[in-house]
Amino acid sequence: MKRNIARTVFVMALMTAAVPPPMFAQAAAKTAPQTAAQRSPVAPTKEQVQAAVNEAYQKFKNNTDGKNADYIPELAKVDSNLYGIVIVTADGQSVTAGDVDKAFSIQSISKVFSLALAMEELGPAKVFEKIGSEPTGRPFNSVEAVVDMPTHTGNPLVNAGAISTVSLIPAPSADAKYNKILDFYSRAAGAKLSLINDVYKSEAATNAGNKALSALLVKYERLYADPLESVDVYTKQCSVGVTAKQLAVMGATLANFGANPLTGEQVIKRENVPEILATMTMAGLYDGSGGWAWHVGLPAKSGVGGGIVAVVPGKGAIAVFAPPLDKAGNSVKAQLAIAYVADKLGINLYSPRSVGVK
Ligand code: DON
C-alpha cells in the first residue's frame with residue numbers, strides 16, 4: 001500500500017514534470033516552440049553531438065583490450081574489430097559513426113525488454129514480487145547468488161532472474177511466447193527483428209549452466225513455467241539480431257517515456273519506465289554496475305554480443321557495438337565510448353552540473 005502511494009506520487013511527478021531540454025539544441029527549433037524555462041542553455045547542437053561521437057570513435061578504434069565471449073562458440077567468430085556508435089534522440093534524430101548497420105546478437109540487453117513486457121502484461125507489483133530487484137554483486141550467471149539471495153531470482157537482468165521473467169510472461173505455448181517477445185522488441189526498435197539462428201544453435205548446445213540455474217529456481221519455487229522451455233525461449237530472445245542503429249532506437253523508446261520516437265507507438269507504459277531505468281542503473285552492467293554508476297551515471301545494459309545501450313531520460317539513448325569484453329562481460333570499447341560521450345555532452349545524471357552544484 002505504502003509502496004503504491006509512493007509510486008503513484010513519483011509517476012505523477014514524472015508525468016507533470018516540465019518537458020526536459022532536448023538532447024540537441026537545434027531539436028528545439030524543429031519541434032514545437034518552447035518556453036524559456038524549457039529551453040536548455042546547455043543543450044549541445046547536433047554538430048557538437050556528432051563531433052563527440054566522432055572523437056569517441058577515433059579515440060578508441062584501435063583499443064584491443066578484452067576479448068570476444070567464447071563460452072558461446074559462435075560469438076568468438078564475430079570480427080573483434082567491428083565498432084559502431086549511434087545516438088538517437090527522444091525526438092527521433094540520430095548521429096552515427098562506424099559499423100552501425102551490422103547485426104549482432106542482443107544477448108542480455110534483451111532482458112530489459114522482456115522485463116518491460118512482463119510489466120506490461122502483469123503490472124510492476126507482480127513482477128517485483130515474483131522476481132525482485134536486488135543487485136547480486138556476482139557474475140551474471142552466478143549459481144551462488146541463486147542459493148544465497150533471499151529472493152533467489154535477484155533481479156530481472158541476471159540470468160536467473162531473466163529466465164524467471166521469461167517464465168512469467170503469459171502465452172499458450174513456447175513458440176507463441178517467443179513470437180510475442182520478438183514482436184515486442186521489434187516494436188521498441190521500430191523494425192522487424194529476427195533470430196540469428198547460428199548464435200541460437202551455438203548457445204542452445206552449450207547452455208548447461210542456464211539449465212542448472214532453472215532447475216535451482218524450481219527448487220526455490222521461483223520459476224513459473226516449464227524450466228527447459230523457459231531456458232529455450234530465453235536463449236532465443238538472447239539470439240535476436242539487432243544493429244547498433246536499432247538498439248539505439250530501443251533505448252530511445254525508453255528515453256522517450258516508452259513511446260518509440262520513430263513510429264510514435266507507445267510500446268512501454270509510461271508509468272513503468274522509472275522502475276525499468278532504476279533496474280538498469282542497479283544491475284545493467286552486473287558486477288560492474290556500481291563503478292559504472294559512479295563514473296558514467298546513466299542507466300545502461302550490456303550484452304555478451306558486444307552491445308551496450310545507455311539511456312538519458314527524456315533526451316535520448318546511445319548504443320555502441322564492439323565485441324571484445326572485460327571480465328564482467330561488458331564491452332570494453334562500448335564502455336569507453338559511452339563514458340567519453342557522456343562526459344563531453346554533460347549527460348551523466350549525477351554529474352556536478354546535473355545535480356546543480358556547478
Ligand atoms: O545466458 C547467457 O549467458 C547469454 N545468453 C547472455 C549473457 C549476457 O549477455 C551477459 N552480458 N553481459
# chains A, B, ... in the order shown; residues from 1 in each chain; ligands from 1
>>> residues_near_ligand(ligand="ligand 1", cutoff="8 Å", atoms="only C-alpha atoms and all ligand atoms", output="list of chain:residue names")
A:Ile72, A:Ile106, A:Gln107, A:Ser108, A:Ile109, A:Phe140, A:Asn141, A:Val158, A:Asn159, A:Glu203, A:Asn207, A:Asn210, A:Tyr234, A:Thr235, A:Cys238, A:Ser239, A:Leu285, A:Tyr286, A:Lys301, A:Ser302, A:Gly303, A:Val304, A:Gly305, A:Gly306, A:Ala328, A:Gly329, A:Asn330, A:Ser331
>>> write_last_selection(atoms="N, CA, C and O atoms", output="compact mmCIF listing (two decimals), in the first residue's frame")
# COMPACT_ATOMS: atom_id res chain seq x y z
N ILE A 72 29.98 -19.02 -25.66
CA ILE A 72 29.02 -19.30 -26.74
C ILE A 72 29.89 -19.30 -28.00
O ILE A 72 30.31 -18.24 -28.47
N ILE A 106 21.64 -9.62 -29.50
CA ILE A 106 21.29 -8.66 -28.45
C ILE A 106 21.71 -9.16 -27.06
O ILE A 106 22.02 -8.37 -26.18
N GLN A 107 21.74 -10.48 -26.89
CA GLN A 107 22.12 -11.12 -25.62
C GLN A 107 21.40 -10.49 -24.43
O GLN A 107 20.21 -10.28 -24.49
N SER A 108 22.16 -10.15 -23.38
CA SER A 108 21.49 -9.74 -22.14
C SER A 108 20.73 -8.43 -22.23
O SER A 108 19.94 -8.12 -21.32
N ILE A 109 20.96 -7.66 -23.28
CA ILE A 109 20.20 -6.40 -23.40
C ILE A 109 18.72 -6.74 -23.57
O ILE A 109 17.83 -5.97 -23.19
N PHE A 140 27.05 -12.52 -13.89
CA PHE A 140 25.66 -12.58 -14.38
C PHE A 140 25.06 -13.98 -14.34
O PHE A 140 23.84 -14.13 -14.33
N ASN A 141 25.94 -15.03 -14.35
CA ASN A 141 25.41 -16.40 -14.41
C ASN A 141 25.62 -17.13 -13.09
O ASN A 141 25.67 -18.35 -13.05
N VAL A 158 19.94 -10.40 -14.33
CA VAL A 158 20.92 -11.51 -14.27
C VAL A 158 20.24 -12.75 -14.86
O VAL A 158 19.01 -12.79 -14.96
N ASN A 159 21.05 -13.74 -15.24
CA ASN A 159 20.46 -14.87 -15.96
C ASN A 159 19.31 -15.53 -15.20
O ASN A 159 18.25 -15.80 -15.79
N GLU A 203 24.40 -21.39 -28.67
CA GLU A 203 24.13 -21.25 -27.23
C GLU A 203 23.28 -22.41 -26.71
O GLU A 203 23.50 -22.89 -25.60
N ASN A 207 24.45 -24.46 -23.14
CA ASN A 207 23.87 -23.68 -22.03
C ASN A 207 23.50 -24.53 -20.81
O ASN A 207 22.49 -24.27 -20.15
N ASN A 210 22.79 -22.42 -17.66
CA ASN A 210 21.46 -21.81 -17.54
C ASN A 210 20.39 -22.85 -17.20
O ASN A 210 19.44 -22.57 -16.47
N TYR A 234 14.33 -18.12 -23.46
CA TYR A 234 15.35 -17.14 -23.04
C TYR A 234 16.55 -17.16 -24.00
O TYR A 234 17.05 -16.11 -24.41
N THR A 235 16.99 -18.36 -24.38
CA THR A 235 18.15 -18.48 -25.29
C THR A 235 17.81 -17.85 -26.65
O THR A 235 18.65 -17.17 -27.25
N CYS A 238 17.87 -14.06 -26.44
CA CYS A 238 19.25 -13.55 -26.41
C CYS A 238 19.89 -13.58 -27.80
O CYS A 238 20.87 -12.88 -28.06
N SER A 239 19.35 -14.42 -28.70
CA SER A 239 19.93 -14.60 -30.04
C SER A 239 19.26 -13.72 -31.10
O SER A 239 19.54 -13.86 -32.29
N LEU A 285 25.12 -3.49 -15.69
CA LEU A 285 26.46 -3.97 -16.06
C LEU A 285 26.95 -4.99 -15.03
O LEU A 285 28.14 -5.13 -14.78
N TYR A 286 25.99 -5.70 -14.42
CA TYR A 286 26.31 -6.78 -13.46
C TYR A 286 27.20 -6.27 -12.35
O TYR A 286 26.97 -5.21 -11.79
N LYS A 301 22.56 -1.07 -20.23
CA LYS A 301 22.54 -2.55 -20.23
C LYS A 301 23.52 -3.07 -21.25
O LYS A 301 23.57 -2.57 -22.38
N SER A 302 24.26 -4.08 -20.84
CA SER A 302 25.25 -4.70 -21.73
C SER A 302 24.78 -6.08 -22.16
O SER A 302 23.90 -6.67 -21.54
N GLY A 303 25.43 -6.59 -23.20
CA GLY A 303 25.20 -7.97 -23.64
C GLY A 303 26.52 -8.57 -24.09
O GLY A 303 27.40 -7.83 -24.58
N VAL A 304 26.69 -9.90 -23.94
CA VAL A 304 27.97 -10.52 -24.32
C VAL A 304 28.18 -10.56 -25.84
O VAL A 304 29.25 -10.94 -26.30
N GLY A 305 27.20 -10.12 -26.61
CA GLY A 305 27.39 -9.96 -28.05
C GLY A 305 28.23 -8.71 -28.35
O GLY A 305 28.65 -8.49 -29.49
N GLY A 306 28.46 -7.87 -27.34
CA GLY A 306 29.30 -6.68 -27.52
C GLY A 306 28.53 -5.37 -27.54
O GLY A 306 29.11 -4.30 -27.72
N ALA A 328 33.80 -8.85 -16.56
CA ALA A 328 32.41 -8.91 -16.11
C ALA A 328 31.46 -9.23 -17.27
O ALA A 328 30.27 -9.44 -17.06
N GLY A 329 31.98 -9.20 -18.52
CA GLY A 329 31.14 -9.50 -19.68
C GLY A 329 30.60 -8.25 -20.36
O GLY A 329 29.61 -8.31 -21.10
N ASN A 330 31.25 -7.10 -20.10
CA ASN A 330 30.79 -5.83 -20.69
C ASN A 330 31.79 -5.38 -21.76
O ASN A 330 33.01 -5.43 -21.53
N SER A 331 31.28 -4.91 -22.90
CA SER A 331 32.14 -4.47 -24.00
C SER A 331 33.10 -3.37 -23.53
O SER A 331 32.67 -2.35 -22.97
>>> residues_around(residues="stretch 131-134 of chain A", least_positions_apart="3", cutoff="9 Å", atoms="only C-alpha atoms", output="PyMOL selection string")
chain A and resi 126-128+149+151-157+161-162+164-165+222+279+282-283
>>> write_last_selection(atoms="N, CA and C atoms", output="PDB file, in the first residue's frame")
ATOM      1  N   LYS A 126       3.490  -7.217  -9.386  1.00  0.00           N
ATOM      2  CA  LYS A 126       3.603  -8.675  -9.534  1.00  0.00           C
ATOM      3  C   LYS A 126       5.037  -9.056  -9.925  1.00  0.00           C
ATOM      4  N   VAL A 127       5.609  -8.304 -10.840  1.00  0.00           N
ATOM      5  CA  VAL A 127       6.967  -8.621 -11.291  1.00  0.00           C
ATOM      6  C   VAL A 127       7.942  -8.443 -10.127  1.00  0.00           C
ATOM      7  N   PHE A 128       7.752  -7.388  -9.356  1.00  0.00           N
ATOM      8  CA  PHE A 128       8.631  -7.139  -8.203  1.00  0.00           C
ATOM      9  C   PHE A 128       8.504  -8.277  -7.181  1.00  0.00           C
ATOM     10  N   MET A 149      20.800 -15.537  -2.166  1.00  0.00           N
ATOM     11  CA  MET A 149      19.924 -14.368  -2.047  1.00  0.00           C
ATOM     12  C   MET A 149      18.540 -14.763  -1.528  1.00  0.00           C
ATOM     13  N   THR A 151      15.702 -13.715  -2.282  1.00  0.00           N
ATOM     14  CA  THR A 151      14.713 -13.856  -3.360  1.00  0.00           C
ATOM     15  C   THR A 151      15.091 -14.967  -4.345  1.00  0.00           C
ATOM     16  N   HIS A 152      16.343 -15.401  -4.312  1.00  0.00           N
ATOM     17  CA  HIS A 152      16.918 -16.406  -5.231  1.00  0.00           C
ATOM     18  C   HIS A 152      17.008 -15.897  -6.670  1.00  0.00           C
ATOM     19  N   THR A 153      15.985 -15.181  -7.116  1.00  0.00           N
ATOM     20  CA  THR A 153      15.988 -14.684  -8.503  1.00  0.00           C
ATOM     21  C   THR A 153      16.885 -13.442  -8.655  1.00  0.00           C
ATOM     22  N   GLY A 154      17.116 -12.692  -7.570  1.00  0.00           N
ATOM     23  CA  GLY A 154      17.963 -11.492  -7.629  1.00  0.00           C
ATOM     24  C   GLY A 154      17.254 -10.336  -8.299  1.00  0.00           C
ATOM     25  N   ASN A 155      17.419 -10.253  -9.605  1.00  0.00           N
ATOM     26  CA  ASN A 155      16.755  -9.179 -10.370  1.00  0.00           C
ATOM     27  C   ASN A 155      16.591  -9.652 -11.815  1.00  0.00           C
ATOM     28  N   PRO A 156      15.757  -8.964 -12.598  1.00  0.00           N
ATOM     29  CA  PRO A 156      15.444  -9.462 -13.951  1.00  0.00           C
ATOM     30  C   PRO A 156      16.591  -9.358 -14.954  1.00  0.00           C
ATOM     31  N   LEU A 157      17.732  -8.772 -14.550  1.00  0.00           N
ATOM     32  CA  LEU A 157      18.814  -8.561 -15.520  1.00  0.00           C
ATOM     33  C   LEU A 157      19.962  -9.551 -15.366  1.00  0.00           C
ATOM     34  N   GLY A 161      17.265 -14.376 -12.838  1.00  0.00           N
ATOM     35  CA  GLY A 161      16.075 -13.505 -12.808  1.00  0.00           C
ATOM     36  C   GLY A 161      15.455 -13.347 -14.189  1.00  0.00           C
ATOM     37  N   ALA A 162      16.298 -13.370 -15.220  1.00  0.00           N
ATOM     38  CA  ALA A 162      15.788 -13.204 -16.584  1.00  0.00           C
ATOM     39  C   ALA A 162      15.040 -14.452 -17.055  1.00  0.00           C
ATOM     40  N   SER A 164      13.541 -16.488 -15.084  1.00  0.00           N
ATOM     41  CA  SER A 164      12.304 -16.445 -14.307  1.00  0.00           C
ATOM     42  C   SER A 164      11.313 -15.440 -14.908  1.00  0.00           C
ATOM     43  N   THR A 165      11.834 -14.302 -15.379  1.00  0.00           N
ATOM     44  CA  THR A 165      10.973 -13.290 -16.017  1.00  0.00           C
ATOM     45  C   THR A 165      10.293 -13.875 -17.255  1.00  0.00           C
ATOM     46  N   ARG A 222      10.777 -20.387  -7.671  1.00  0.00           N
ATOM     47  CA  ARG A 222      10.874 -19.063  -8.291  1.00  0.00           C
ATOM     48  C   ARG A 222      10.879 -19.171  -9.823  1.00  0.00           C
ATOM     49  N   THR A 279      16.233  -0.346 -12.474  1.00  0.00           N
ATOM     50  CA  THR A 279      16.811  -1.700 -12.509  1.00  0.00           C
ATOM     51  C   THR A 279      18.091  -1.708 -13.350  1.00  0.00           C
ATOM     52  N   MET A 282      20.941  -0.240 -11.398  1.00  0.00           N
ATOM     53  CA  MET A 282      21.376  -1.084 -10.293  1.00  0.00           C
ATOM     54  C   MET A 282      22.112  -2.334 -10.783  1.00  0.00           C
ATOM     55  N   ALA A 283      21.735  -2.852 -11.957  1.00  0.00           N
ATOM     56  CA  ALA A 283      22.292  -4.151 -12.351  1.00  0.00           C
ATOM     57  C   ALA A 283      22.639  -4.273 -13.833  1.00  0.00           C
TER      58      ALA A 283
END
>>> closest_residue(among="A:Phe321, A:Tyr220, A:Tyr350, A:Tyr71", to="A:Thr281", atoms="only C-alpha atoms")
A:Tyr350
>>> residues_around(residues="stretch 54-65 of chain A", least_positions_apart="2", cutoff="6 Å", atoms="only C-alpha atoms", output="MDAnalysis selection string")
chainID A and resid 51:52 337
>>> select_by_dssp(residues="stretch 215-263 of chain A", states="alpha helix (DSSP H)", output="VMD selection string")
chain A and resid 215 to 219 227 to 238 244 to 255
>>> residues_around(residues="A:Ala342", least_positions_apart="6", cutoff="9 Å", atoms="only C-alpha atoms", output="NGL selection string")
:A and (296-298 or 348)
>>> closest_residue(among="A:Thr243, A:Ser202, A:Thr96, A:Thr45", to="A:Lys77", atoms="only C-alpha atoms")
A:Ser202
>>> closest_residue(among="A:Trp294, A:Tyr224, A:Tyr83, A:Tyr340", to="A:Leu168", atoms="only C-alpha atoms")
A:Tyr224
>>> select_by_dssp(residues="stretch 113-257 of chain A", states="strand (DSSP E)", output="VMD selection string")
chain A and resid 194 to 195 240 to 242
>>> write_last_selection(atoms="N, CA, C and O atoms", output="compact mmCIF listing (two decimals), in the first residue's frame")
# COMPACT_ATOMS: atom_id res chain seq x y z
N SER A 194 14.89 -10.26 -36.18
CA SER A 194 14.79 -11.72 -36.35
C SER A 194 15.94 -12.44 -35.64
O SER A 194 16.93 -11.81 -35.24
N LEU A 195 15.77 -13.73 -35.51
CA LEU A 195 16.72 -14.58 -34.80
C LEU A 195 18.00 -14.74 -35.62
O LEU A 195 17.93 -14.90 -36.84
N VAL A 240 18.38 -12.83 -30.66
CA VAL A 240 17.75 -11.90 -31.61
C VAL A 240 18.83 -10.93 -32.12
O VAL A 240 19.66 -10.44 -31.34
N GLY A 241 18.84 -10.70 -33.42
CA GLY A 241 19.82 -9.79 -34.01
C GLY A 241 19.35 -8.34 -34.00
O GLY A 241 18.18 -8.07 -34.28
N VAL A 242 20.27 -7.46 -33.65
CA VAL A 242 19.98 -6.01 -33.74
C VAL A 242 21.21 -5.32 -34.32
O VAL A 242 22.34 -5.79 -34.12
>>> atom_distance(atom1="atom CA of A:Thr263", atom2="atom CA of A:Ile169")
24.8 Å
>>> residues_around(residues="A:Arg187", least_positions_apart="5", cutoff="8 Å", atoms="only C-alpha atoms", output="number ranges by chain")
A: 192, 260, 265, 267
>>> residues_around(residues="stretch 225-231 of chain A", least_positions_apart="5", cutoff="8 Å", atoms="only C-alpha atoms", output="list in words")
Ile163, Ser164, Val166, Ser167, Leu168, Ala174, Asn210, Lys211, Ser214, Ala215 and Val218 of chain A
>>> residues_around(residues="A:Pro299", least_positions_apart="4", cutoff="6 Å", atoms="only C-alpha atoms", output="number ranges by chain")
A: 277, 280-281, 310-311
>>> atom_distance(atom1="atom CA of A:Ala43", atom2="atom CA of A:Ala339")
17.7 Å
>>> atom_distance(atom1="atom CA of A:Pro261", atom2="atom CA of A:Leu115")
20.2 Å
>>> closest_residue(among="A:Val309, A:Val112, A:Val249, A:Ala334", to="A:Ala188", atoms="only C-alpha atoms")
A:Val249
>>> closest_residue(among="A:Ala244, A:Ala300, A:Val341, A:Val233", to="A:Gly84", atoms="only C-alpha atoms")
A:Ala244
>>> decode(residues="stretch 179-209 of chain A", atoms="N, CA, C and O atoms", output="mmCIF file, in the first residue's frame")
data_model
loop_
_atom_site.group_PDB
_atom_site.id
_atom_site.type_symbol
_atom_site.label_atom_id
_atom_site.label_comp_id
_atom_site.auth_asym_id
_atom_site.auth_seq_id
_atom_site.Cartn_x
_atom_site.Cartn_y
_atom_site.Cartn_z
ATOM 1 N N ASN A 179 7.384 -15.553 -30.012
ATOM 2 C CA ASN A 179 6.882 -14.612 -31.027
ATOM 3 C C ASN A 179 6.370 -13.321 -30.398
ATOM 4 O O ASN A 179 6.543 -12.230 -30.950
ATOM 5 N N LYS A 180 5.763 -13.448 -29.221
ATOM 6 C CA LYS A 180 5.274 -12.269 -28.512
ATOM 7 C C LYS A 180 6.459 -11.377 -28.095
ATOM 8 O O LYS A 180 6.436 -10.154 -28.248
ATOM 9 N N ILE A 181 7.515 -12.036 -27.602
ATOM 10 C CA ILE A 181 8.725 -11.301 -27.184
ATOM 11 C C ILE A 181 9.363 -10.615 -28.389
ATOM 12 O O ILE A 181 9.714 -9.431 -28.348
ATOM 13 N N LEU A 182 9.493 -11.380 -29.486
ATOM 14 C CA LEU A 182 10.135 -10.825 -30.693
ATOM 15 C C LEU A 182 9.337 -9.634 -31.228
ATOM 16 O O LEU A 182 9.913 -8.613 -31.639
ATOM 17 N N ASP A 183 8.028 -9.752 -31.210
ATOM 18 C CA ASP A 183 7.176 -8.657 -31.688
ATOM 19 C C ASP A 183 7.349 -7.418 -30.799
ATOM 20 O O ASP A 183 7.438 -6.292 -31.295
ATOM 21 N N PHE A 184 7.442 -7.644 -29.500
ATOM 22 C CA PHE A 184 7.607 -6.514 -28.564
ATOM 23 C C PHE A 184 8.950 -5.808 -28.809
ATOM 24 O O PHE A 184 9.013 -4.579 -28.894
ATOM 25 N N TYR A 185 10.033 -6.593 -28.965
ATOM 26 C CA TYR A 185 11.345 -5.993 -29.234
ATOM 27 C C TYR A 185 11.289 -5.202 -30.563
ATOM 28 O O TYR A 185 11.873 -4.127 -30.678
ATOM 29 N N SER A 186 10.620 -5.791 -31.556
ATOM 30 C CA SER A 186 10.561 -5.153 -32.881
ATOM 31 C C SER A 186 9.832 -3.816 -32.807
ATOM 32 O O SER A 186 10.234 -2.841 -33.457
ATOM 33 N N ARG A 187 8.777 -3.773 -31.989
ATOM 34 C CA ARG A 187 8.044 -2.509 -31.845
ATOM 35 C C ARG A 187 8.904 -1.466 -31.141
ATOM 36 O O ARG A 187 8.869 -0.287 -31.486
ATOM 37 N N ALA A 188 9.720 -1.909 -30.174
ATOM 38 C CA ALA A 188 10.627 -0.972 -29.496
ATOM 39 C C ALA A 188 11.712 -0.478 -30.459
ATOM 40 O O ALA A 188 12.162 0.667 -30.375
ATOM 41 N N ALA A 189 12.127 -1.356 -31.390
ATOM 42 C CA ALA A 189 13.189 -0.995 -32.345
ATOM 43 C C ALA A 189 12.647 -0.257 -33.572
ATOM 44 O O ALA A 189 13.410 0.339 -34.333
ATOM 45 N N GLY A 190 11.339 -0.333 -33.781
ATOM 46 C CA GLY A 190 10.761 0.270 -34.983
ATOM 47 C C GLY A 190 11.211 -0.462 -36.238
ATOM 48 O O GLY A 190 11.305 0.128 -37.322
ATOM 49 N N ALA A 191 11.508 -1.753 -36.103
ATOM 50 C CA ALA A 191 11.981 -2.557 -37.242
ATOM 51 C C ALA A 191 11.678 -4.019 -36.950
ATOM 52 O O ALA A 191 11.627 -4.415 -35.786
ATOM 53 N N LYS A 192 11.503 -4.793 -38.011
ATOM 54 C CA LYS A 192 11.200 -6.215 -37.808
ATOM 55 C C LYS A 192 12.508 -6.953 -37.507
ATOM 56 O O LYS A 192 13.355 -7.123 -38.386
ATOM 57 N N LEU A 193 12.674 -7.362 -36.268
ATOM 58 C CA LEU A 193 13.906 -8.052 -35.865
ATOM 59 C C LEU A 193 13.752 -9.553 -36.117
ATOM 60 O O LEU A 193 12.634 -10.058 -36.223
ATOM 61 N N SER A 194 14.895 -10.261 -36.185
ATOM 62 C CA SER A 194 14.794 -11.719 -36.354
ATOM 63 C C SER A 194 15.936 -12.436 -35.640
ATOM 64 O O SER A 194 16.932 -11.814 -35.237
ATOM 65 N N LEU A 195 15.768 -13.735 -35.510
ATOM 66 C CA LEU A 195 16.719 -14.583 -34.800
ATOM 67 C C LEU A 195 18.004 -14.737 -35.622
ATOM 68 O O LEU A 195 17.933 -14.904 -36.838
ATOM 69 N N ILE A 196 19.171 -14.707 -34.936
ATOM 70 C CA ILE A 196 20.412 -15.136 -35.601
ATOM 71 C C ILE A 196 20.550 -16.623 -35.268
ATOM 72 O O ILE A 196 20.970 -16.986 -34.155
ATOM 73 N N ASN A 197 20.163 -17.449 -36.210
ATOM 74 C CA ASN A 197 19.999 -18.877 -35.924
ATOM 75 C C ASN A 197 21.303 -19.561 -35.494
ATOM 76 O O ASN A 197 21.298 -20.414 -34.607
ATOM 77 N N ASP A 198 22.433 -19.158 -36.089
ATOM 78 C CA ASP A 198 23.708 -19.797 -35.721
ATOM 79 C C ASP A 198 24.064 -19.515 -34.262
ATOM 80 O O ASP A 198 24.635 -20.366 -33.577
ATOM 81 N N VAL A 199 23.737 -18.307 -33.797
ATOM 82 C CA VAL A 199 24.020 -17.971 -32.395
ATOM 83 C C VAL A 199 23.097 -18.786 -31.490
ATOM 84 O O VAL A 199 23.530 -19.352 -30.479
ATOM 85 N N TYR A 200 21.831 -18.875 -31.885
ATOM 86 C CA TYR A 200 20.875 -19.650 -31.080
ATOM 87 C C TYR A 200 21.320 -21.108 -30.958
ATOM 88 O O TYR A 200 21.375 -21.665 -29.854
ATOM 89 N N LYS A 201 21.688 -21.708 -32.093
ATOM 90 C CA LYS A 201 22.091 -23.126 -32.070
ATOM 91 C C LYS A 201 23.333 -23.314 -31.195
ATOM 92 O O LYS A 201 23.446 -24.265 -30.429
ATOM 93 N N SER A 202 24.263 -22.356 -31.326
ATOM 94 C CA SER A 202 25.521 -22.425 -30.585
ATOM 95 C C SER A 202 25.264 -22.321 -29.078
ATOM 96 O O SER A 202 25.823 -23.087 -28.282
ATOM 97 N N GLU A 203 24.401 -21.393 -28.671
ATOM 98 C CA GLU A 203 24.126 -21.248 -27.231
ATOM 99 C C GLU A 203 23.276 -22.406 -26.715
ATOM 100 O O GLU A 203 23.504 -22.894 -25.602
ATOM 101 N N ALA A 204 22.323 -22.855 -27.541
ATOM 102 C CA ALA A 204 21.451 -23.953 -27.100
ATOM 103 C C ALA A 204 22.262 -25.234 -26.847
ATOM 104 O O ALA A 204 21.897 -26.054 -26.014
ATOM 105 N N ALA A 205 23.392 -25.357 -27.564
ATOM 106 C CA ALA A 205 24.213 -26.568 -27.410
ATOM 107 C C ALA A 205 25.184 -26.454 -26.229
ATOM 108 O O ALA A 205 25.854 -27.426 -25.880
ATOM 109 N N THR A 206 25.277 -25.268 -25.631
ATOM 110 C CA THR A 206 26.322 -25.062 -24.601
ATOM 111 C C THR A 206 25.770 -24.398 -23.328
ATOM 112 O O THR A 206 26.538 -23.815 -22.571
ATOM 113 N N ASN A 207 24.445 -24.460 -23.141
ATOM 114 C CA ASN A 207 23.868 -23.679 -22.033
ATOM 115 C C ASN A 207 23.498 -24.527 -20.809
ATOM 116 O O ASN A 207 22.489 -24.272 -20.145
ATOM 117 N N ALA A 208 24.375 -25.490 -20.487
ATOM 118 C CA ALA A 208 24.115 -26.343 -19.317
ATOM 119 C C ALA A 208 23.999 -25.491 -18.048
ATOM 120 O O ALA A 208 23.200 -25.805 -17.158
ATOM 121 N N GLY A 209 24.790 -24.417 -17.974
ATOM 122 C CA GLY A 209 24.756 -23.547 -16.784
ATOM 123 C C GLY A 209 23.382 -22.924 -16.588
ATOM 124 O O GLY A 209 22.845 -22.909 -15.465
#
